[in-house]
Structures are given as C-alpha cells and as structure tokens.
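Worksheet for the structure shown next.
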Amino acid sequence: MTVIGFHCSHEQVPPSRLLEYAVRAEEAGFTAAMCSDHITPWGTAQGQSGLAFAWLGAALARTRLPFGVVHAPGQRYHPAVTAQGIATLSEMFPGRFWAALGSGQYMNEHVTGDGWPPKDERDARLAEVVDVVRRLLAGEEVTHRGRVTVHETRVFSRPPVERAPALLAAALTPRTAEWAASWADGLITVNAPPDQMRSVVDAYRGAGGTGPVNLQVHLSWAPTHEEALAVAHEQWRNNVFSSKVLADLATVEQFDDIGLRVQPAELEESVLVSADAAHVADTLAGWAELGFDGVYLHHVGQHLEAWIDEAGERVLPRLSPTAPPELVGRTGDGTTAQALAERGGGTTPATDRSAASATTTRTGIL
C-alpha cells in the first residue's frame with residue numbers, strides 16, 4: 001500500500017505543458033505529485049526552468065492532488081520568501097502541500113554572486129533557515145543574524161498552526177539521512193542500487209526519524225528498449241555523476257561537458273530503462289518494500305503523453321496506489337538545534353525574540 005506520485009520536471013518541460021501533464025497524471029490514477037525547483041536546466045537539451053512556486057499554485061488549483069517541491073532555501077531564496085511561498089500555498093490548499101528542503105546546488109545558487117560554502121556549512125545554513133521558517137509559520141515576528149539574516153519579519157497569510165505544512169529533508173546519502181532525522185518531518189531520496197537505498201532508509205529510521213520516507217525514481221519507458229535508452233541518454237546523461245560533482249558545477253555548458261563521454265549503457269545504473277510496463281511495476285514494488293511510503297515517478301523524457309497513458313493502463317493497476325495521509329509539520333523555534341550543532345560545529349546563532357538587533361558568531365566562509 002504505497003503512494004505513487006508523478007514528478008514534474010521543470011528543467012525539461014515548458015510550464016504550460018507540464019501543467020497539462022499533471023492534470024493528465026491525476027486522470028491516469030497517480031495519487032500525488034511533486035516538482036523540482038531550478039533556475040537552470042541540467043543541460044542544453046533540456047532547456048527549461050519554470051518558477052516552481054508560481055506553477056504550483058496553478059497545479060494545485062487544476063488538480064486535487066497533494067503536491068510537494070524540492071527546494072533549496074538560504075541563498076537564492078531568502079528564508080522570508082521561502083516561508084511566505086510555503087504559507088501561501090498551504091493556506092490556499094490546506095493539507096495538500098509539503099516542501100523537501102536541501103542544501104542546494106551551485107548551478108542554481110551562484111546567480112546571487114555570493115560564495116559557495118562547503119557541504120557542512122550549507123547544511124548548517126539550512127538548519128538555521130528551517131528554524132526561521134517554522135517560527136514564521138507559527139506567526140512569530142523574527143529577527144535573526146547568523147548564516148542568514150532576517151529582520152523584523154512576519155508572514156501574515158498562513159494556515160493555522162495545527163495544519164502547518166511539513167518540511168521534509170532531501171537526502172542522497174546515509175549521513176545526510178541520519179542528520180535529517182534530527183529536524184525533518186520526513187525524507188525524500190532518489191533511486192540507487194537497492195543496498196544504497198536501504199541504507200538511506202535505515203539511517204533515517206535508526207536515528208529516530210518518524211516521518212514518511214519517499215523515493216523519487218528516474219525512469220525511461222518507450223515501446224522499445226532502444227528508444228527508452230536513447231531518450232534517457234539524450235536527456236539525463238549529465239546527471240549520472242555523484243552528488244559531490246553535480247553540486248559544485250555552475251553552468252549548463254559545464255554539465256554538457258561532463259556528459260559528453262557518458263555511454264548509453266551507463267544510464268541504466270541510475271535510470272530505470274524499460275519497454276515492459278510489468279517489469280517497471282514489479283521493480284517499483286520491490287523498491288517500495290525497502291521501506292518507502294511514497295514513490296514518485298520521473299520519466300526523464302520531454303514528451304510524456306504515452307508514458308502517462310501506459311502508466312495508467314499497465315503500471316498503476318499493478319501497484320494499487322493509495323492517497324497519502326495529511327502530514328502536519330512542526331512549527332516554532334528550537335526544532336533544528338541538534339541539526340545545527342552537528343553541522344555547525346556547535347555554534348548556534350542567537351535570535352532576538354523582541355525583533356530588535358541580534359548578534360552571533362559565524363563559522364565557515366559566510
């Protein structure tokens with residue numbers, strides 16, 4: 001009994017057409033949806049980058065699906081903007097929106113002109129942002145100066161605290177998943193070899209994580225295996241590298257360069273490539289049994305009509321997807337103290353509850 005969601009890739013599909021795909025996915029039987037949040041694609045062959053928060057308002061209005069977004073606050077997005085966007089969507093569509101927060105990728109964040117911190121410092125910044133966002137969702141006025149600066153900020157339009165949106169963690173490694181258990185309302189990761197996926201789930205659960213654990217699956221289906229593999233190679237070959245590589249590249253051209261030598265067969269290590277819908281369904285069922293509460297399917301092609309119809313006719317019926325339960329997130333301050341200590345070297349920035357000035361010691365390069 002697993003949620004089967006539809007992933008909407010803003011890097012690959014124009015937002016107008018992507019909206020129609022989301023509507024079609026609901027009609028086909030998908031029970032949830034999520035989307036990416038980029039300002040640049042992974043390569044010139046993809047060529048899109050719609051603004052996720054603008055698009056999500058339309059998608060939530062056009063469907064009845066619950067939606068999530070993978071979002072990186074703290075550099076390109078100021079925490080107050082993140083909080084306002086999350087609060088607005090959650091007030092308009094109660095119980096139907098969540099955000100999975102991550103430490104970001106240089107490809108999106110370098111547009112601010114600021115330096116690019118190392119991973120532990122980005123994680124510490126993320127912990128600060130989550131605490132600020134949760135205080136704003138609780139209706140507080142927030143002043144905070146640390147790795148991020150917030151001055152006398154309130155979010156006026158928001159859902160009631162008892163229906164606060166969940167803030168999940170986006171994690172690719174067991175180390176990050178274990179850390180996420182200290183602050184996140186749930187977890188999302190991406191498909192990898194089964195032992196690696198199991199280790200991510202076990203790390204989160206073993207560290208006390210109690211929220212839902214979701215899996216985003218990159219797949220390519222077509223009437224023949226050769227066609228499916230060609231689509232995967234044309235669209236997704238720049239993404240087969242480790243997160244340590246992908247997080248630090250800046251431009252579309254750099255992603256194109258690293259993908260030049262990737263051979264089609266290499267895609268099958270990171271993309272589920274198949275012409276057999278039954279094989280796709282059975283593989284997804286096996287992965288769900290590793291401990292995932294939701295599986296979100298990302299077809300890596302740009303033209304998704306045939307895939308959505310195939311999924312509705314031959315994949316989803318074999319999986320009997322369920323709708324996700326409403327997930328309520330935590331609010332208020334102090335929810336990331338342990339997370340900040342683990343990633344920030346024990347330095348916890350001060351916040352001023354009276355909205356006057358506040359000072360703190362910075363660590364790292366920011």
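Labeling convention for the structure tokens: chains A, B, ... as they appear, residues from 1 per chain, ligands from 1 in order of appearance.
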Excluding same-chain residues fewer than 5 positions from Gly301 (chain A), what lies within 10 Å of it counting only C-alpha atoms, as a ChimeraX atom specification?
/A:9,12-13,46,218-222,228,230-236,307
Hey, what's within 7 Å of region 63-80 of chain A if we count only C-alpha atoms and toss same-chain stuff fewer than 2 positions away? As a VMD selection string, please?
chain A and resid 23 31 to 37 59 to 61 82 to 84 96 to 104 109 112 125 to 126 129 132 to 133 148
Please dump the current selection as a short mmCIF file (atom, residue, chain, number, x, y, z; two decimals), in the first residue's frame; keep N, CA, C and O atoms.
data_model
loop_
_atom_site.label_atom_id
_atom_site.label_comp_id
_atom_site.auth_asym_id
_atom_site.auth_seq_id
_atom_site.Cartn_x
_atom_site.Cartn_y
_atom_site.Cartn_z
N VAL A 23 -2.33 17.33 -14.84
CA VAL A 23 -3.77 17.04 -14.91
C VAL A 23 -3.99 15.64 -15.47
O VAL A 23 -4.78 14.85 -14.96
N THR A 31 -1.62 9.27 -7.42
CA THR A 31 -2.31 9.74 -6.22
C THR A 31 -1.62 10.92 -5.54
O THR A 31 -2.09 11.41 -4.50
N ALA A 32 -0.52 11.40 -6.10
CA ALA A 32 0.20 12.55 -5.54
C ALA A 32 1.13 13.07 -6.63
O ALA A 32 1.27 12.47 -7.70
N ALA A 33 1.76 14.19 -6.35
CA ALA A 33 2.70 14.76 -7.31
C ALA A 33 3.75 15.58 -6.57
O ALA A 33 3.57 15.97 -5.42
N MET A 34 4.85 15.84 -7.26
CA MET A 34 5.90 16.70 -6.74
C MET A 34 6.60 17.35 -7.92
O MET A 34 6.40 16.95 -9.07
N CYS A 35 7.39 18.37 -7.64
CA CYS A 35 8.13 19.03 -8.72
C CYS A 35 9.49 19.48 -8.24
O CYS A 35 9.76 19.56 -7.04
N SER A 36 10.35 19.76 -9.20
CA SER A 36 11.67 20.32 -8.93
C SER A 36 11.56 21.84 -8.83
O SER A 36 10.51 22.42 -9.10
N ASP A 37 12.66 22.48 -8.44
CA ASP A 37 12.68 23.93 -8.30
C ASP A 37 14.06 24.43 -8.73
O ASP A 37 14.98 24.53 -7.91
N ALA A 59 -1.07 24.29 -10.49
CA ALA A 59 -1.21 22.84 -10.43
C ALA A 59 -2.13 22.40 -9.30
O ALA A 59 -2.95 21.48 -9.47
N LEU A 60 -2.02 23.04 -8.15
CA LEU A 60 -2.90 22.70 -7.04
C LEU A 60 -4.35 23.09 -7.33
O LEU A 60 -5.29 22.40 -6.90
N ALA A 61 -4.56 24.17 -8.08
CA ALA A 61 -5.91 24.60 -8.43
C ALA A 61 -6.53 23.70 -9.49
O ALA A 61 -7.75 23.46 -9.49
N THR A 82 10.87 32.06 1.22
CA THR A 82 10.52 30.64 1.33
C THR A 82 9.30 30.46 2.22
O THR A 82 8.35 29.75 1.87
N ALA A 83 9.33 31.08 3.39
CA ALA A 83 8.21 30.92 4.33
C ALA A 83 6.92 31.47 3.76
O ALA A 83 5.85 30.85 3.90
N GLN A 84 6.98 32.61 3.09
CA GLN A 84 5.77 33.20 2.51
C GLN A 84 5.21 32.32 1.41
O GLN A 84 3.99 32.12 1.31
N ARG A 96 -2.42 19.95 1.52
CA ARG A 96 -2.05 19.39 0.22
C ARG A 96 -0.64 19.77 -0.23
O ARG A 96 -0.27 19.45 -1.36
N PHE A 97 0.13 20.42 0.63
CA PHE A 97 1.43 20.88 0.16
C PHE A 97 2.51 20.59 1.19
O PHE A 97 2.31 20.76 2.39
N TRP A 98 3.66 20.13 0.69
CA TRP A 98 4.85 19.96 1.53
C TRP A 98 6.07 20.43 0.74
O TRP A 98 6.03 20.55 -0.48
N ALA A 99 7.13 20.71 1.46
CA ALA A 99 8.39 21.11 0.83
C ALA A 99 9.51 20.26 1.38
O ALA A 99 9.64 20.09 2.60
N ALA A 100 10.31 19.70 0.49
CA ALA A 100 11.52 18.97 0.87
C ALA A 100 12.70 19.91 0.68
O ALA A 100 12.95 20.39 -0.42
N LEU A 101 13.40 20.19 1.75
CA LEU A 101 14.45 21.22 1.74
C LEU A 101 15.83 20.57 1.69
O LEU A 101 16.11 19.60 2.38
N GLY A 102 16.68 21.15 0.85
CA GLY A 102 18.04 20.65 0.71
C GLY A 102 19.04 21.79 0.76
O GLY A 102 18.68 22.97 0.81
N SER A 103 20.32 21.42 0.72
CA SER A 103 21.39 22.41 0.88
C SER A 103 21.75 23.11 -0.42
O SER A 103 22.53 24.06 -0.42
N GLY A 104 21.20 22.67 -1.55
CA GLY A 104 21.34 23.40 -2.79
C GLY A 104 22.45 22.90 -3.70
O GLY A 104 23.25 22.04 -3.34
N GLU A 109 22.37 28.38 -7.31
CA GLU A 109 22.63 29.38 -6.26
C GLU A 109 23.67 30.42 -6.66
O GLU A 109 23.73 31.50 -6.05
N THR A 112 23.32 34.56 -7.24
CA THR A 112 23.37 35.66 -6.27
C THR A 112 24.72 36.35 -6.26
O THR A 112 24.85 37.46 -5.72
N ARG A 125 23.57 26.21 7.42
CA ARG A 125 22.70 27.30 6.96
C ARG A 125 21.27 26.81 6.79
O ARG A 125 20.31 27.49 7.17
N LEU A 126 21.11 25.60 6.23
CA LEU A 126 19.78 25.04 6.06
C LEU A 126 19.08 24.87 7.41
O LEU A 126 17.88 25.17 7.54
N VAL A 129 17.75 28.15 8.48
CA VAL A 129 16.60 28.54 7.67
C VAL A 129 15.34 27.80 8.12
O VAL A 129 14.26 28.40 8.25
N VAL A 132 13.97 29.34 11.21
CA VAL A 132 13.34 30.63 10.91
C VAL A 132 11.98 30.41 10.26
O VAL A 132 10.97 31.04 10.63
N VAL A 133 11.91 29.53 9.27
CA VAL A 133 10.66 29.27 8.56
C VAL A 133 9.60 28.74 9.52
O VAL A 133 8.44 29.17 9.48
N VAL A 148 22.25 33.26 7.83
CA VAL A 148 21.25 34.04 7.11
C VAL A 148 20.81 35.19 8.01
O VAL A 148 20.92 35.10 9.24
#
Residue neighbourhood Pro194 (chain A), 12 Å, only C-alpha atoms, exclusion window fewer than 6 positions, as a list in words:
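Contacts, with the query itself left out: Val200, Val201, Leu215, Glu269, Ser270, Thr283, Leu284, Gly286, Trp287, Ala288, Glu289, Leu290, Gly291 and Phe292 of chain A.
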For the residues selected in the previous step, produce a file with N, CA and C atoms as a CSV table (one decimal), in the first residue's frame.
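Written output follows (part23.csv):
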chain,number,residue,atom,x,y,z
A,200,VAL,N,19.9,4.4,3.2
A,200,VAL,CA,19.4,5.7,3.5
A,200,VAL,C,18.2,5.6,4.4
A,201,VAL,N,17.3,4.7,4.1
A,201,VAL,CA,16.1,4.5,4.9
A,201,VAL,C,16.5,4.1,6.3
A,215,LEU,N,10.6,8.1,-2.2
A,215,LEU,CA,11.6,7.8,-3.2
A,215,LEU,C,11.2,8.4,-4.5
A,269,GLU,N,22.4,2.4,-14.9
A,269,GLU,CA,22.8,2.3,-13.5
A,269,GLU,C,22.0,3.3,-12.6
A,270,SER,N,21.5,4.4,-13.3
A,270,SER,CA,20.8,5.4,-12.5
A,270,SER,C,19.4,5.7,-13.0
A,283,THR,N,9.5,-3.8,-10.5
A,283,THR,CA,10.7,-3.2,-9.9
A,283,THR,C,10.3,-2.1,-8.8
A,284,LEU,N,9.3,-1.3,-9.2
A,284,LEU,CA,8.9,-0.3,-8.2
A,284,LEU,C,8.3,-0.9,-6.9
A,286,GLY,N,9.2,-3.8,-5.7
A,286,GLY,CA,10.3,-4.2,-4.9
A,286,GLY,C,11.1,-3.1,-4.2
A,287,TRP,N,11.2,-2.0,-4.8
A,287,TRP,CA,11.9,-0.9,-4.1
A,287,TRP,C,11.0,-0.3,-3.0
A,288,ALA,N,9.7,-0.3,-3.2
A,288,ALA,CA,8.8,0.2,-2.1
A,288,ALA,C,9.0,-0.6,-0.9
A,289,GLU,N,9.2,-1.9,-1.0
A,289,GLU,CA,9.4,-2.8,0.1
A,289,GLU,C,10.7,-2.6,0.9
A,290,LEU,N,11.5,-1.7,0.4
A,290,LEU,CA,12.7,-1.4,1.2
A,290,LEU,C,12.4,-0.4,2.3
A,291,GLY,N,11.1,0.1,2.4
A,291,GLY,CA,10.7,0.9,3.4
A,291,GLY,C,10.2,2.3,3.0
A,292,PHE,N,9.9,2.4,1.8
A,292,PHE,CA,9.4,3.7,1.3
A,292,PHE,C,7.9,3.8,1.4
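CA of Arg330 (chain A) lies 9.4 Å from CA of Arg163 (chain A).
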Point-to-point distance from CA of His225 (chain A) to CA of Asn191 (chain A), Å rounded to tenths:
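Taking CA of His225 (chain A) as the start and CA of Asn191 (chain A) as the end point, the length is 19.5 Å.
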Between A:Gly211, A:Arg134, A:Ala277, A:Thr224, which one has atoms that come closest to Asp309 (chain A), using only C-alpha atoms?
A:Ala277
As a ChimeraX atom specification, please: all residues of region 13-190 of chain A that backbone DSSP puts in alpha helix (DSSP H).
/A:15-28,52-62,79-92,106-109,119-137,174-180
Among region 119-234 of chain A, which residues carry a DSSP assignment of strand (DSSP E), reported as a VMD selection string?
chain A and resid 142 to 145 149 to 153 166 to 170 187 to 190 213 to 221
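Minimum distance to Phe53 (chain A) across A:Ala22, A:Arg135, A:Gly85, A:Val271 (counting only C-alpha atoms) occurs at A:Gly85.
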Which one is closest to Cys8 (chain A): A:Glu342, A:Ile308, A:Val273, A:Asp282? Count only C-alpha atoms.
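Result for the nearest residue to Cys8 (chain A): A:Ile308.
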Quick one: residues within 8 Å of Leu89 (chain A), only C-alpha atoms, excluding same-chain residues fewer than 5 positions away - as a VMD selection string?
chain A and resid 56 to 57 94 97
Expected file: the selected residues, all heavy atoms, as a PDB file, in the first residue's frame:
ATOM      1  N   LEU A  56       3.119  25.957  -9.035  1.00  0.00           N
ATOM      2  CA  LEU A  56       2.416  25.116  -8.066  1.00  0.00           C
ATOM      3  C   LEU A  56       1.022  25.642  -7.747  1.00  0.00           C
ATOM      4  O   LEU A  56       0.095  24.858  -7.511  1.00  0.00           O
ATOM      5  CB  LEU A  56       3.244  24.999  -6.786  1.00  0.00           C
ATOM      6  CG  LEU A  56       4.366  23.971  -6.825  1.00  0.00           C
ATOM      7  CD1 LEU A  56       5.388  24.238  -5.729  1.00  0.00           C
ATOM      8  CD2 LEU A  56       3.802  22.556  -6.705  1.00  0.00           C
ATOM      9  N   GLY A  57       0.851  26.960  -7.719  1.00  0.00           N
ATOM     10  CA  GLY A  57      -0.482  27.493  -7.482  1.00  0.00           C
ATOM     11  C   GLY A  57      -1.466  27.030  -8.538  1.00  0.00           C
ATOM     12  O   GLY A  57      -2.607  26.646  -8.231  1.00  0.00           O
ATOM     13  N   PRO A  94      -5.233  23.683   1.956  1.00  0.00           N
ATOM     14  CA  PRO A  94      -4.880  23.092   3.252  1.00  0.00           C
ATOM     15  C   PRO A  94      -4.612  21.588   3.151  1.00  0.00           C
ATOM     16  O   PRO A  94      -5.367  20.841   2.515  1.00  0.00           O
ATOM     17  CB  PRO A  94      -6.114  23.370   4.115  1.00  0.00           C
ATOM     18  CG  PRO A  94      -6.796  24.528   3.458  1.00  0.00           C
ATOM     19  CD  PRO A  94      -6.541  24.365   1.996  1.00  0.00           C
ATOM     20  N   PHE A  97       0.125  20.419   0.627  1.00  0.00           N
ATOM     21  CA  PHE A  97       1.426  20.885   0.160  1.00  0.00           C
ATOM     22  C   PHE A  97       2.507  20.592   1.189  1.00  0.00           C
ATOM     23  O   PHE A  97       2.312  20.762   2.386  1.00  0.00           O
ATOM     24  CB  PHE A  97       1.393  22.391  -0.120  1.00  0.00           C
ATOM     25  CG  PHE A  97       2.714  22.939  -0.585  1.00  0.00           C
ATOM     26  CD1 PHE A  97       3.228  22.602  -1.824  1.00  0.00           C
ATOM     27  CD2 PHE A  97       3.465  23.762   0.238  1.00  0.00           C
ATOM     28  CE1 PHE A  97       4.460  23.077  -2.249  1.00  0.00           C
ATOM     29  CE2 PHE A  97       4.691  24.255  -0.169  1.00  0.00           C
ATOM     30  CZ  PHE A  97       5.197  23.916  -1.423  1.00  0.00           C
TER      31      PHE A  97
END
Which residues of region 48-160 of chain A come within 7 Å of region 14-19 of chain A, and for each one, what is the closest pair of atoms and their distance in Å to one decimal, counting only C-alpha atoms, sorted by chain and residue number, as a Markdown table?
| residue | atom | partner | partner_atom | distance |
| --- | --- | --- | --- | --- |
| A:Gln48 | CA | A:Pro14 | CA | 6.0 |
| A:Gly50 | CA | A:Pro15 | CA | 5.7 |
| A:Trp55 | CA | A:Pro15 | CA | 6.9 |
| A:Ala59 | CA | A:Leu19 | CA | 6.1 |
Using only C-alpha atoms, which protein or nucleic acid residues come within 12 Å of Glu313 (chain A)? Drop anything in the same chain fewer than 5 positions from it, and give the result as a VMD selection string.
chain A and resid 25 27 to 30 277 to 278 281 306 to 308 318 to 320
For a test of reading the model, state the distance in Å between CA of Pro118 (chain A) and CA of His7 (chain A), rounded to one decimal.
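Rounded to one decimal, the two atoms are 28.7 Å apart.
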